[in-house]
>>> print(open('structure.cif').read())   # mmCIF, C-alpha atoms
data_target
#
loop_
_atom_site.group_PDB
_atom_site.id
_atom_site.type_symbol
_atom_site.label_atom_id
_atom_site.label_comp_id
_atom_site.auth_asym_id
_atom_site.auth_seq_id
_atom_site.Cartn_x
_atom_site.Cartn_y
_atom_site.Cartn_z
ATOM 1 C CA MET A 137 -11.550 10.649 -9.204
ATOM 2 C CA SER A 138 -9.216 11.904 -11.910
ATOM 3 C CA PHE A 139 -9.404 15.570 -12.943
ATOM 4 C CA SER A 140 -10.896 14.505 -16.292
ATOM 5 C CA THR A 141 -13.705 12.596 -14.563
ATOM 6 C CA ILE A 142 -14.436 15.542 -12.253
ATOM 7 C CA ARG A 143 -14.575 17.943 -15.207
ATOM 8 C CA LYS A 144 -17.001 15.670 -17.056
ATOM 9 C CA TYR A 145 -19.206 15.406 -13.967
ATOM 10 C CA PHE A 146 -19.390 19.192 -13.579
ATOM 11 C CA ARG A 147 -20.053 19.642 -17.293
ATOM 12 C CA ASP A 148 -22.648 16.884 -17.829
ATOM 13 C CA VAL A 149 -24.442 16.823 -14.444
ATOM 14 C CA LEU A 150 -24.096 20.342 -13.065
ATOM 15 C CA GLY A 151 -23.809 22.217 -16.340
ATOM 16 C CA VAL A 152 -20.641 23.970 -15.196
ATOM 17 C CA ARG A 153 -17.466 24.103 -17.249
ATOM 18 C CA ILE A 154 -14.309 24.088 -15.157
ATOM 19 C CA SER A 155 -10.685 23.955 -16.260
ATOM 20 C CA ARG A 156 -7.977 21.670 -14.973
ATOM 21 C CA GLY A 157 -6.097 24.745 -13.764
ATOM 22 C CA MET A 158 -9.043 25.829 -11.618
ATOM 23 C CA LEU A 159 -9.332 22.323 -10.158
ATOM 24 C CA ARG A 160 -5.640 22.386 -9.301
ATOM 25 C CA LYS A 161 -6.005 25.731 -7.530
ATOM 26 C CA LEU A 162 -8.984 24.483 -5.530
ATOM 27 C CA VAL A 163 -7.121 21.353 -4.493
ATOM 28 C CA GLY A 164 -4.210 23.545 -3.415
ATOM 29 C CA LYS A 165 -6.464 25.664 -1.198
ATOM 30 C CA VAL A 166 -7.993 22.628 0.473
ATOM 31 C CA THR A 167 -4.551 21.074 0.935
ATOM 32 C CA ALA A 168 -3.409 24.196 2.769
ATOM 33 C CA SER A 169 -6.537 24.200 4.931
ATOM 34 C CA LEU A 170 -5.839 20.612 6.041
ATOM 35 C CA ALA A 171 -2.240 21.274 7.101
ATOM 36 C CA ASP A 172 -3.150 22.114 10.699
ATOM 37 C CA PRO A 173 -5.363 19.095 11.506
ATOM 38 C CA TYR A 174 -2.965 16.791 9.640
ATOM 39 C CA GLU A 175 0.049 17.965 11.651
ATOM 40 C CA ALA A 176 -1.985 17.695 14.860
ATOM 41 C CA LEU A 177 -2.723 14.037 14.146
ATOM 42 C CA CYS A 178 0.914 13.363 13.218
ATOM 43 C CA ALA A 179 1.965 14.803 16.586
ATOM 44 C CA MET A 180 -0.423 12.428 18.375
ATOM 45 C CA LEU A 181 1.058 9.256 16.897
ATOM 46 C CA ALA A 182 4.127 9.167 19.130
ATOM 47 C CA LEU A 183 1.926 9.213 22.249
ATOM 48 C CA GLU A 184 -0.418 6.379 21.306
ATOM 49 C CA ASP A 185 -0.532 3.173 23.368
ATOM 50 C CA ARG A 186 -1.540 1.037 20.366
ATOM 51 C CA LEU A 187 -0.807 1.557 16.670
ATOM 52 C CA ASN A 188 -1.129 -0.581 13.559
ATOM 53 C CA VAL A 189 1.212 0.172 10.661
ATOM 54 C CA ASP A 190 1.412 -0.907 7.042
ATOM 55 C CA GLU A 191 2.988 0.392 3.841
ATOM 56 C CA THR A 192 2.358 0.106 0.103
ATOM 57 C CA GLY A 193 3.967 1.399 -3.076
ATOM 58 C CA HIS A 194 3.206 4.838 -4.534
ATOM 59 C CA LYS A 195 4.005 6.117 -8.038
ATOM 60 C CA GLU A 196 5.166 9.643 -8.860
ATOM 61 C CA ASN A 197 6.302 10.327 -12.423
ATOM 62 C CA GLY A 198 7.853 6.889 -12.683
ATOM 63 C CA ARG A 199 9.555 7.231 -9.304
ATOM 64 C CA ARG A 200 8.846 4.593 -6.648
ATOM 65 C CA LEU A 201 7.697 6.028 -3.310
ATOM 66 C CA TRP A 202 5.939 4.445 -0.334
ATOM 67 C CA THR A 203 2.658 5.240 1.399
ATOM 68 C CA TRP A 204 2.797 4.523 5.130
ATOM 69 C CA CYS A 205 -0.439 4.037 7.069
ATOM 70 C CA PHE A 206 -0.524 4.612 10.850
ATOM 71 C CA ARG A 207 -3.874 3.588 12.314
ATOM 72 C CA ALA A 208 -4.883 4.468 15.870
ATOM 73 C CA TYR A 209 -8.215 3.776 17.546
ATOM 74 C CA LEU A 210 -9.878 7.061 16.540
ATOM 75 C CA TYR A 211 -7.802 8.288 13.610
ATOM 76 C CA THR A 212 -5.479 7.258 10.782
ATOM 77 C CA VAL A 213 -2.501 9.123 9.313
ATOM 78 C CA TYR A 214 -1.026 8.512 5.856
ATOM 79 C CA LYS A 215 2.515 9.558 5.026
ATOM 80 C CA ILE A 216 4.139 9.304 1.586
ATOM 81 C CA SER A 217 7.906 8.862 1.788
ATOM 82 C CA PRO A 218 10.747 8.025 -0.610
ATOM 83 C CA SER A 219 11.900 5.413 1.925
ATOM 84 C CA ARG A 220 10.509 2.092 3.071
ATOM 85 C CA GLY A 221 13.104 1.866 5.826
ATOM 86 C CA SER A 222 12.964 2.219 9.602
ATOM 87 C CA GLU A 223 13.952 5.901 9.382
ATOM 88 C CA VAL A 224 10.323 6.661 8.521
ATOM 89 C CA LEU A 225 9.255 5.087 11.810
ATOM 90 C CA VAL A 226 11.903 7.065 13.698
ATOM 91 C CA GLU A 227 10.818 10.294 12.008
ATOM 92 C CA THR A 228 7.124 9.676 12.680
ATOM 93 C CA LEU A 229 7.117 7.958 16.072
ATOM 94 C CA GLY A 230 10.469 8.989 17.505
ATOM 95 C CA LYS A 231 13.127 6.998 19.324
ATOM 96 C CA GLU A 232 11.158 6.669 22.554
ATOM 97 C CA PHE A 233 7.846 5.292 21.327
ATOM 98 C CA ASN A 234 6.316 3.579 24.330
ATOM 99 C CA GLY A 235 3.293 1.906 22.735
ATOM 100 C CA ILE A 236 2.809 -1.419 20.960
ATOM 101 C CA LEU A 237 3.150 -1.499 17.192
ATOM 102 C CA GLY A 238 1.054 -3.966 15.190
ATOM 103 C CA CYS A 239 2.761 -4.798 11.898
ATOM 104 C CA ASP A 240 3.852 -7.514 9.494
ATOM 105 C CA TYR A 241 7.267 -9.215 9.503
ATOM 106 C CA PHE A 242 8.965 -6.609 7.282
ATOM 107 C CA SER A 243 12.624 -5.861 8.130
ATOM 108 C CA ALA A 244 12.059 -2.139 8.865
ATOM 109 C CA TYR A 245 9.971 -3.032 11.907
ATOM 110 C CA HIS A 246 12.636 -5.471 13.107
ATOM 111 C CA LYS A 247 15.270 -2.748 12.945
ATOM 112 C CA TYR A 248 13.048 -0.248 14.746
ATOM 113 C CA MET A 249 12.369 -2.826 17.477
ATOM 114 C CA ARG A 250 16.031 -3.753 17.792
ATOM 115 C CA ASP A 251 17.438 -0.202 17.786
ATOM 116 C CA PHE A 252 14.936 1.397 20.167
ATOM 117 C CA HIS A 253 13.484 -1.545 22.129
ATOM 118 C CA VAL A 254 9.975 -0.995 20.789
ATOM 119 C CA LEU A 255 7.319 -3.630 21.507
ATOM 120 C CA LEU A 256 5.778 -5.216 18.401
ATOM 121 C CA GLN A 257 2.841 -7.477 17.649
ATOM 122 C CA PHE A 258 3.601 -9.353 14.443
ATOM 123 C CA CYS A 259 0.549 -10.224 12.363
ATOM 124 C CA LEU A 260 -0.641 -13.792 12.946
ATOM 125 C CA ALA A 261 -2.569 -13.734 9.667
ATOM 126 C CA HIS A 262 0.731 -13.376 7.798
ATOM 127 C CA LEU A 263 2.200 -16.185 9.875
ATOM 128 C CA ILE A 264 -0.707 -18.446 8.911
ATOM 129 C CA ARG A 265 -0.064 -17.715 5.223
ATOM 130 C CA ASP A 266 3.588 -18.715 5.641
ATOM 131 C CA VAL A 267 2.568 -21.906 7.430
ATOM 132 C CA LYS A 268 0.084 -22.741 4.640
ATOM 133 C CA PHE A 269 2.935 -22.262 2.162
ATOM 134 C CA LEU A 270 4.720 -25.152 3.900
ATOM 135 C CA VAL A 271 1.545 -27.252 3.893
ATOM 136 C CA GLU A 272 1.456 -26.953 0.095
ATOM 137 C CA HIS A 273 5.219 -27.422 -0.360
ATOM 138 C CA PRO A 274 6.362 -30.355 -2.556
ATOM 139 C CA TYR A 275 8.870 -31.538 0.083
ATOM 140 C CA LYS A 276 7.024 -34.047 2.275
ATOM 141 C CA GLN A 277 8.720 -33.120 5.555
ATOM 142 C CA ASN A 278 7.774 -29.469 5.038
ATOM 143 C CA LYS A 279 4.173 -30.539 4.515
ATOM 144 C CA VAL A 280 4.100 -32.517 7.745
ATOM 145 C CA TYR A 281 5.741 -29.683 9.681
ATOM 146 C CA GLY A 282 3.413 -27.090 8.195
ATOM 147 C CA GLN A 283 0.298 -29.141 8.962
ATOM 148 C CA LEU A 284 1.439 -29.601 12.563
ATOM 149 C CA LEU A 285 1.830 -25.837 13.051
ATOM 150 C CA LEU A 286 -1.433 -25.116 11.249
ATOM 151 C CA ASN A 287 -3.298 -27.423 13.629
ATOM 152 C CA ASP A 288 -1.666 -25.656 16.591
ATOM 153 C CA LEU A 289 -2.703 -22.262 15.214
ATOM 154 C CA ARG A 290 -6.259 -23.459 14.756
ATOM 155 C CA ARG A 291 -6.344 -24.579 18.385
ATOM 156 C CA LEU A 292 -5.060 -21.168 19.438
ATOM 157 C CA PHE A 293 -7.761 -19.315 17.496
ATOM 158 C CA ALA A 294 -10.393 -21.771 18.719
ATOM 159 C CA VAL A 295 -9.551 -20.646 22.260
ATOM 160 C CA ILE A 296 -9.900 -17.000 21.205
ATOM 161 C CA HIS A 297 -13.270 -17.629 19.555
ATOM 162 C CA ARG A 298 -14.551 -19.446 22.654
ATOM 163 C CA ARG A 299 -13.553 -16.689 25.017
ATOM 164 C CA ASP A 300 -17.095 -16.095 26.277
ATOM 165 C CA THR A 301 -17.473 -19.751 27.289
ATOM 166 C CA TYR A 302 -14.735 -19.606 29.938
ATOM 167 C CA ALA A 303 -15.911 -19.207 33.525
ATOM 168 C CA CYS A 304 -13.379 -16.505 34.349
ATOM 169 C CA PRO A 305 -10.624 -14.474 32.622
ATOM 170 C CA GLU A 306 -7.938 -16.511 34.392
ATOM 171 C CA ASN A 307 -9.147 -19.741 32.763
ATOM 172 C CA PHE A 308 -9.148 -18.064 29.344
ATOM 173 C CA GLN A 309 -5.624 -16.748 29.928
ATOM 174 C CA ARG A 310 -4.356 -20.194 30.946
ATOM 175 C CA ALA A 311 -5.907 -21.772 27.852
ATOM 176 C CA LEU A 312 -4.218 -19.162 25.632
ATOM 177 C CA GLU A 313 -0.848 -19.711 27.305
ATOM 178 C CA ALA A 314 -1.152 -23.484 26.893
ATOM 179 C CA ALA A 315 -2.014 -23.191 23.180
ATOM 180 C CA ARG A 316 0.877 -20.761 22.682
ATOM 181 C CA ALA A 317 3.359 -23.030 24.498
ATOM 182 C CA GLN A 318 2.337 -26.029 22.374
ATOM 183 C CA LEU A 319 2.777 -24.062 19.145
ATOM 184 C CA VAL A 320 6.238 -22.782 20.123
ATOM 185 C CA ARG A 321 7.353 -26.269 21.200
ATOM 186 C CA ASP A 322 6.249 -27.866 17.962
ATOM 187 C CA ALA A 323 7.776 -25.056 15.884
ATOM 188 C CA THR A 324 11.202 -25.173 17.519
ATOM 189 C CA ARG A 325 11.689 -28.856 18.434
ATOM 190 C CA ARG A 326 10.248 -30.736 15.480
ATOM 191 C CA THR A 327 11.841 -28.833 12.618
ATOM 192 C CA PRO A 328 12.757 -30.732 9.437
ATOM 193 C CA ARG A 329 16.090 -30.057 7.753
ATOM 194 C CA SER A 330 14.981 -27.631 5.100
ATOM 195 C CA ARG A 331 15.629 -23.938 4.536
ATOM 196 C CA GLU A 332 11.937 -22.990 4.605
ATOM 197 C CA ALA A 333 11.219 -24.808 7.866
ATOM 198 C CA SER A 334 14.415 -23.582 9.525
ATOM 199 C CA ASN A 335 13.581 -19.957 8.713
ATOM 200 C CA LEU A 336 10.126 -20.327 10.249
ATOM 201 C CA ALA A 337 11.492 -22.049 13.348
ATOM 202 C CA GLN A 338 14.023 -19.248 13.759
ATOM 203 C CA ARG A 339 11.179 -16.741 13.889
ATOM 204 C CA PHE A 340 9.675 -18.536 16.873
ATOM 205 C CA ARG A 341 13.009 -18.772 18.654
ATOM 206 C CA GLU A 342 13.777 -15.082 18.253
ATOM 207 C CA ASN A 343 10.344 -13.408 18.167
ATOM 208 C CA ALA A 344 7.815 -15.644 19.913
ATOM 209 C CA ASP A 345 6.982 -12.832 22.351
ATOM 210 C CA SER A 346 6.285 -10.445 19.471
ATOM 211 C CA TYR A 347 3.910 -12.944 17.857
ATOM 212 C CA PHE A 348 1.925 -13.534 21.043
ATOM 213 C CA ARG A 349 2.010 -10.169 22.797
ATOM 214 C CA PHE A 350 -1.776 -9.971 22.413
ATOM 215 C CA ILE A 351 -2.031 -12.733 25.022
ATOM 216 C CA THR A 352 -0.391 -10.695 27.782
ATOM 217 C CA GLU A 353 -1.292 -7.125 26.709
ATOM 218 C CA PRO A 354 -4.931 -5.919 26.745
ATOM 219 C CA ASN A 355 -6.541 -4.458 23.614
ATOM 220 C CA VAL A 356 -3.806 -5.689 21.265
ATOM 221 C CA GLU A 357 -5.045 -7.250 18.021
ATOM 222 C CA PRO A 358 -3.355 -10.532 16.986
ATOM 223 C CA THR A 359 -3.478 -9.477 13.322
ATOM 224 C CA ASN A 360 -2.651 -6.311 11.398
ATOM 225 C CA ASN A 361 -6.045 -6.250 9.675
ATOM 226 C CA LEU A 362 -6.872 -2.729 10.906
ATOM 227 C CA ALA A 363 -3.952 -1.160 9.016
ATOM 228 C CA GLU A 364 -4.483 -3.366 5.971
ATOM 229 C CA GLN A 365 -8.136 -2.317 5.774
ATOM 230 C CA ALA A 366 -7.174 1.361 6.069
ATOM 231 C CA ILE A 367 -4.603 1.117 3.289
ATOM 232 C CA ARG A 368 -6.869 -0.782 0.901
ATOM 233 C CA PHE A 369 -8.681 2.245 -0.502
ATOM 234 C CA VAL A 370 -5.285 3.923 -1.057
ATOM 235 C CA ALA A 371 -4.371 1.058 -3.376
ATOM 236 C CA ILE A 372 -7.699 1.504 -5.183
ATOM 237 C CA HIS A 373 -7.058 5.247 -5.554
ATOM 238 C CA ARG A 374 -3.611 4.465 -6.975
ATOM 239 C CA ARG A 375 -5.158 2.395 -9.745
ATOM 240 C CA ILE A 376 -7.579 5.173 -10.657
ATOM 241 C CA THR A 377 -5.114 8.086 -10.686
ATOM 242 C CA GLN A 378 -1.856 6.242 -11.464
ATOM 243 C CA GLY A 379 -0.165 8.094 -8.610
ATOM 244 C CA THR A 380 0.903 11.723 -8.247
ATOM 245 C CA ARG A 381 3.022 14.078 -10.344
ATOM 246 C CA SER A 382 4.517 16.470 -7.811
ATOM 247 C CA GLU A 383 5.144 17.145 -4.144
ATOM 248 C CA ASP A 384 1.930 19.205 -4.061
ATOM 249 C CA GLY A 385 -0.028 16.166 -5.225
ATOM 250 C CA ARG A 386 1.726 14.060 -2.617
ATOM 251 C CA ARG A 387 0.732 16.426 0.203
ATOM 252 C CA TRP A 388 -2.846 16.500 -1.078
ATOM 253 C CA CYS A 389 -3.116 12.711 -1.069
ATOM 254 C CA GLU A 390 -1.631 12.381 2.417
ATOM 255 C CA ARG A 391 -4.047 14.884 3.889
ATOM 256 C CA ILE A 392 -7.273 14.009 2.086
ATOM 257 C CA TRP A 393 -6.756 10.274 2.703
ATOM 258 C CA THR A 394 -6.165 11.055 6.384
ATOM 259 C CA VAL A 395 -9.360 13.113 6.583
ATOM 260 C CA ILE A 396 -11.499 10.536 4.770
ATOM 261 C CA GLN A 397 -10.357 7.603 6.920
ATOM 262 C CA THR A 398 -10.406 9.537 10.204
ATOM 263 C CA CYS A 399 -13.904 10.908 9.594
ATOM 264 C CA SER A 400 -15.050 7.371 8.825
ATOM 265 C CA GLN A 401 -13.622 6.102 12.122
ATOM 266 C CA GLN A 402 -15.348 8.914 14.014
ATOM 267 C CA SER A 403 -18.646 8.671 12.071
ATOM 268 C CA ARG A 404 -18.225 12.255 10.867
ATOM 269 C CA SER A 405 -19.189 13.806 7.536
ATOM 270 C CA VAL A 406 -16.131 14.326 5.333
ATOM 271 C CA PHE A 407 -17.902 17.158 3.507
ATOM 272 C CA GLU A 408 -18.771 18.990 6.727
ATOM 273 C CA PHE A 409 -15.218 18.621 8.003
ATOM 274 C CA LEU A 410 -13.754 19.980 4.765
ATOM 275 C CA CYS A 411 -16.122 22.963 4.904
ATOM 276 C CA ALA A 412 -15.039 23.662 8.488
ATOM 277 C CA ALA A 413 -11.350 23.296 7.593
ATOM 278 C CA VAL A 414 -11.549 25.664 4.616
ATOM 279 C CA THR A 415 -13.529 28.219 6.649
ATOM 280 C CA ALA A 416 -10.942 28.098 9.451
ATOM 281 C CA HIS A 417 -8.128 28.507 6.908
ATOM 282 C CA PHE A 418 -9.714 31.598 5.363
ATOM 283 C CA ARG A 419 -10.250 33.054 8.865
ATOM 284 C CA SER A 420 -6.647 32.694 9.897
ATOM 285 C CA GLU A 421 -7.135 35.106 12.769
ATOM 286 C CA GLN A 422 -9.507 32.567 14.377
ATOM 287 C CA ALA A 423 -7.028 29.739 14.777
ATOM 288 C CA ALA A 424 -8.778 28.555 17.949
ATOM 289 C CA PHE A 425 -11.573 27.177 15.788
ATOM 290 C CA SER A 426 -9.295 24.840 13.903
ATOM 291 C CA PRO A 427 -10.930 21.519 12.970
ATOM 292 C CA ALA A 428 -8.003 19.831 14.737
ATOM 293 C CA ARG A 429 -9.839 20.596 17.979
ATOM 294 C CA HIS A 430 -12.297 17.724 17.407
ATOM 295 C CA PHE A 431 -9.538 15.190 16.869
ATOM 296 C CA LEU A 432 -7.716 16.260 20.013
ATOM 297 C CA ASN A 433 -10.856 16.275 22.107
ATOM 298 C CA THR A 434 -11.505 12.629 21.254
ATOM 299 C CA ASN A 435 -8.427 11.729 23.311
ATOM 300 C CA PRO A 436 -8.167 13.812 26.483
ATOM 301 C CA ARG A 437 -4.721 12.405 27.316
ATOM 302 C CA LEU A 438 -3.286 14.002 24.189
ATOM 303 C CA ARG A 439 -5.179 17.252 24.362
ATOM 304 C CA GLY A 440 -2.430 19.098 26.199
ATOM 305 C CA LEU A 441 -0.065 18.589 23.273
ATOM 306 C CA LEU A 442 -1.510 21.496 21.280
ATOM 307 C CA PHE A 443 -4.056 23.141 23.567
ATOM 308 C CA ALA A 444 -3.965 24.847 26.968
ATOM 309 C CA ALA A 445 -6.940 25.414 29.253
ATOM 310 C CA ARG A 446 -7.941 29.057 29.745
ATOM 311 C CA ASP A 447 -11.002 30.005 31.763
ATOM 312 C CA GLY A 448 -12.774 26.752 30.984
ATOM 313 C CA THR A 449 -12.148 26.923 27.225
ATOM 314 C CA HIS A 450 -9.358 25.662 25.009
ATOM 315 C CA ASP A 451 -7.246 28.117 23.000
ATOM 316 C CA TYR A 452 -4.496 27.335 20.542
ATOM 317 C CA VAL A 453 -0.976 27.317 21.961
#
>>> encode(input="structure.cif", output="structure tokens")
Amino acid sequence: MSFSTIRKYFRDVLGVRISRGMLRKLVGKVTASLADPYEALCAMLALEDRLNVDETGHKENGRRLWTWCFRAYLYTVYKISPSRGSEVLVETLGKEFNGILGCDYFSAYHKYMRDFHVLLQFCLAHLIRDVKFLVEHPYKQNKVYGQLLLNDLRRLFAVIHRRDTYACPENFQRALEAARAQLVRDATRRTPRSREASNLAQRFRENADSYFRFITEPNVEPTNNLAEQAIRFVAIHRRITQGTRSEDGRRWCERIWTVIQTCSQQSRSVFEFLCAAVTAHFRSEQAAFSPARHFLNTNPRLRGLLFAARDGTHDYV
């Protein structure tokens, strides 16, 4: 909510008058209390096996920034950056990211893949939209080409939806491979002479593996819906608040969005987590009770990043 809406709620519902300055101070205290768990989650990203990524615009006093969303299985991290380029991926995930990145066909992901040999899974939902664009194109040959690819994509997803009907995993895998091979053949060998069709065919020639990595890699989603769902409420918040006005506001948004989405994924109470975070911040001498502990404990493989075992307990390193 905006500060004005919060003030009206306190005044009309709770009977408490509170100034904008007091609200700003309170937000600042909570922002500081969330620094530790936020940085702990950021440190985990580079070690994840599977990540979905998306980005959307962010306003700050008329300046155009970008909100990046990194969604893992048990948590999500938001990062507001002045750049929409691949340097954000390098800064966040490093040059040796060894997982699989689910994303759309944006150029920053191409560069990150090309420069550091990162494995990608391009979103098939975006590909379907591009194919439907050809189906509705006024040029007849584009329409025919688009309809051919759309039928192939439908056959591919029909195999996915009928997964439980196959007698064994090997039969399912063979059916997927056959549907994939047919789609790639039709996309690359029956291309009309038009710019739109040629561009789409070039995608299949250069990045077919990155469109169909979900076939050969377990637990990889064929679409980027997870990241798009996580970034949706950020876009709603942007409409309500019209963005941020300072770096402090930027940090607050990054951290509170991260907490809200992560608590939702873990079926935790946001309010209880915030209470625990603020309490830990005020008791700085008790850093071992940081709320980041819960996030790390959800993934034992990453726990050693910030914690060390001592006498059967975990203390902050």
>>> residues_near_point(input="structure.cif", point="(2.6, -10.8, 26.0)", cutoff="12 Å", atoms="only C-alpha atoms", output="PyMOL selection string")
chain A and resi 236+255-258+309+312-313+316+343-358
>>> resolve_selection(input="structure.cif", expression="the PyMOL selection byres ((chain A and resi 186) around 6)", output="compact mmCIF listing (two decimals) with C-alpha atoms, keeping the file's coordinate frame")
# COMPACT_ATOMS: atom_id res chain seq x y z
CA GLU A 184 -0.42 6.38 21.31
CA ASP A 185 -0.53 3.17 23.37
CA LEU A 187 -0.81 1.56 16.67
CA GLY A 235 3.29 1.91 22.74
CA ILE A 236 2.81 -1.42 20.96
>>> closest_atom_pairs(input="structure.cif", of="segment 235-264 of chain A", to="segment 211-229 of chain A", cutoff="7 Å", atoms="only C-alpha atoms", output="CSV")
residue,atom,partner,partner_atom,distance
A:Ala244,CA,A:Ser222,CA,4.5
A:Tyr245,CA,A:Ser222,CA,6.5
A:Lys247,CA,A:Ser222,CA,6.4
A:Tyr248,CA,A:Ser222,CA,5.7
>>> closest_residue(input="structure.cif", among="A:Ile396, A:Ile296, A:Leu284, A:Leu336", to="Leu263 of chain A", atoms="all atoms listed in the file")
A:Leu336
>>> closest_residue(input="structure.cif", among="A:Ser155, A:Ser420, A:Ser138, A:Thr394", to="Trp204 of chain A", atoms="all atoms listed in the file")
A:Thr394
>>> atom_distance(input="structure.cif", atom1="atom CA of Val254 of chain A", atom2="atom CA of Trp202 of chain A")
22.2 Å
>>> residues_near_point(input="structure.cif", point="(12.3, -29.7, 6.5)", cutoff="6 Å", atoms="all atoms listed in the file", output="PyMOL selection string")
chain A and resi 277-278+328-330+333
>>> residues_around(input="structure.cif", residues="Ala171 of chain A", least_positions_apart="5", cutoff="9 Å", atoms="all atoms listed in the file", output="PDB file with C-alpha atoms, keeping the file's coordinate frame")
ATOM      1  CA  VAL A 166      -7.993  22.628   0.473  1.00  0.00           C
ATOM      2  CA  ALA A 176      -1.985  17.695  14.860  1.00  0.00           C
ATOM      3  CA  ARG A 387       0.732  16.426   0.203  1.00  0.00           C
ATOM      4  CA  ARG A 391      -4.047  14.884   3.889  1.00  0.00           C
TER       5      ARG A 391
END
>>> residues_around(input="structure.cif", residues="Arg299 of chain A", least_positions_apart="5", cutoff="10 Å", atoms="all atoms listed in the file", output="short mmCIF file (atom, residue, chain, number, x, y, z; two decimals) with C-alpha atoms, keeping the file's coordinate frame")
data_model
loop_
_atom_site.label_atom_id
_atom_site.label_comp_id
_atom_site.auth_asym_id
_atom_site.auth_seq_id
_atom_site.Cartn_x
_atom_site.Cartn_y
_atom_site.Cartn_z
CA PHE A 293 -7.76 -19.32 17.50
CA ALA A 294 -10.39 -21.77 18.72
CA CYS A 304 -13.38 -16.50 34.35
CA PRO A 305 -10.62 -14.47 32.62
CA ASN A 307 -9.15 -19.74 32.76
CA PHE A 308 -9.15 -18.06 29.34
CA GLN A 309 -5.62 -16.75 29.93
CA ALA A 311 -5.91 -21.77 27.85
CA LEU A 312 -4.22 -19.16 25.63
#
>>> atom_distance(input="structure.cif", atom1="atom CA of Leu292 of chain A", atom2="atom CA of Ala317 of chain A")
10.0 Å
>>> closest_residue(input="structure.cif", among="A:Cys178, A:Arg153, A:Leu162, A:Leu319", to="Arg291 of chain A", atoms="all atoms listed in the file")
A:Leu319
>>> atom_distance(input="structure.cif", atom1="atom CA of Leu170 of chain A", atom2="atom CA of Gly238 of chain A")
27.1 Å
>>> closest_residue(input="structure.cif", among="A:Gln401, A:Asn360, A:Gln378, A:Ser334", to="Ala261 of chain A", atoms="all atoms listed in the file")
A:Asn360
>>> closest_residue(input="structure.cif", among="A:His253, A:Phe139, A:Asp322, A:His373", to="Gln283 of chain A", atoms="all atoms listed in the file")
A:Asp322
>>> residues_around(input="structure.cif", residues="His262 of chain A", least_positions_apart="5", cutoff="8 Å", atoms="all atoms listed in the file", output="number ranges by chain")
A: 240-241, 359
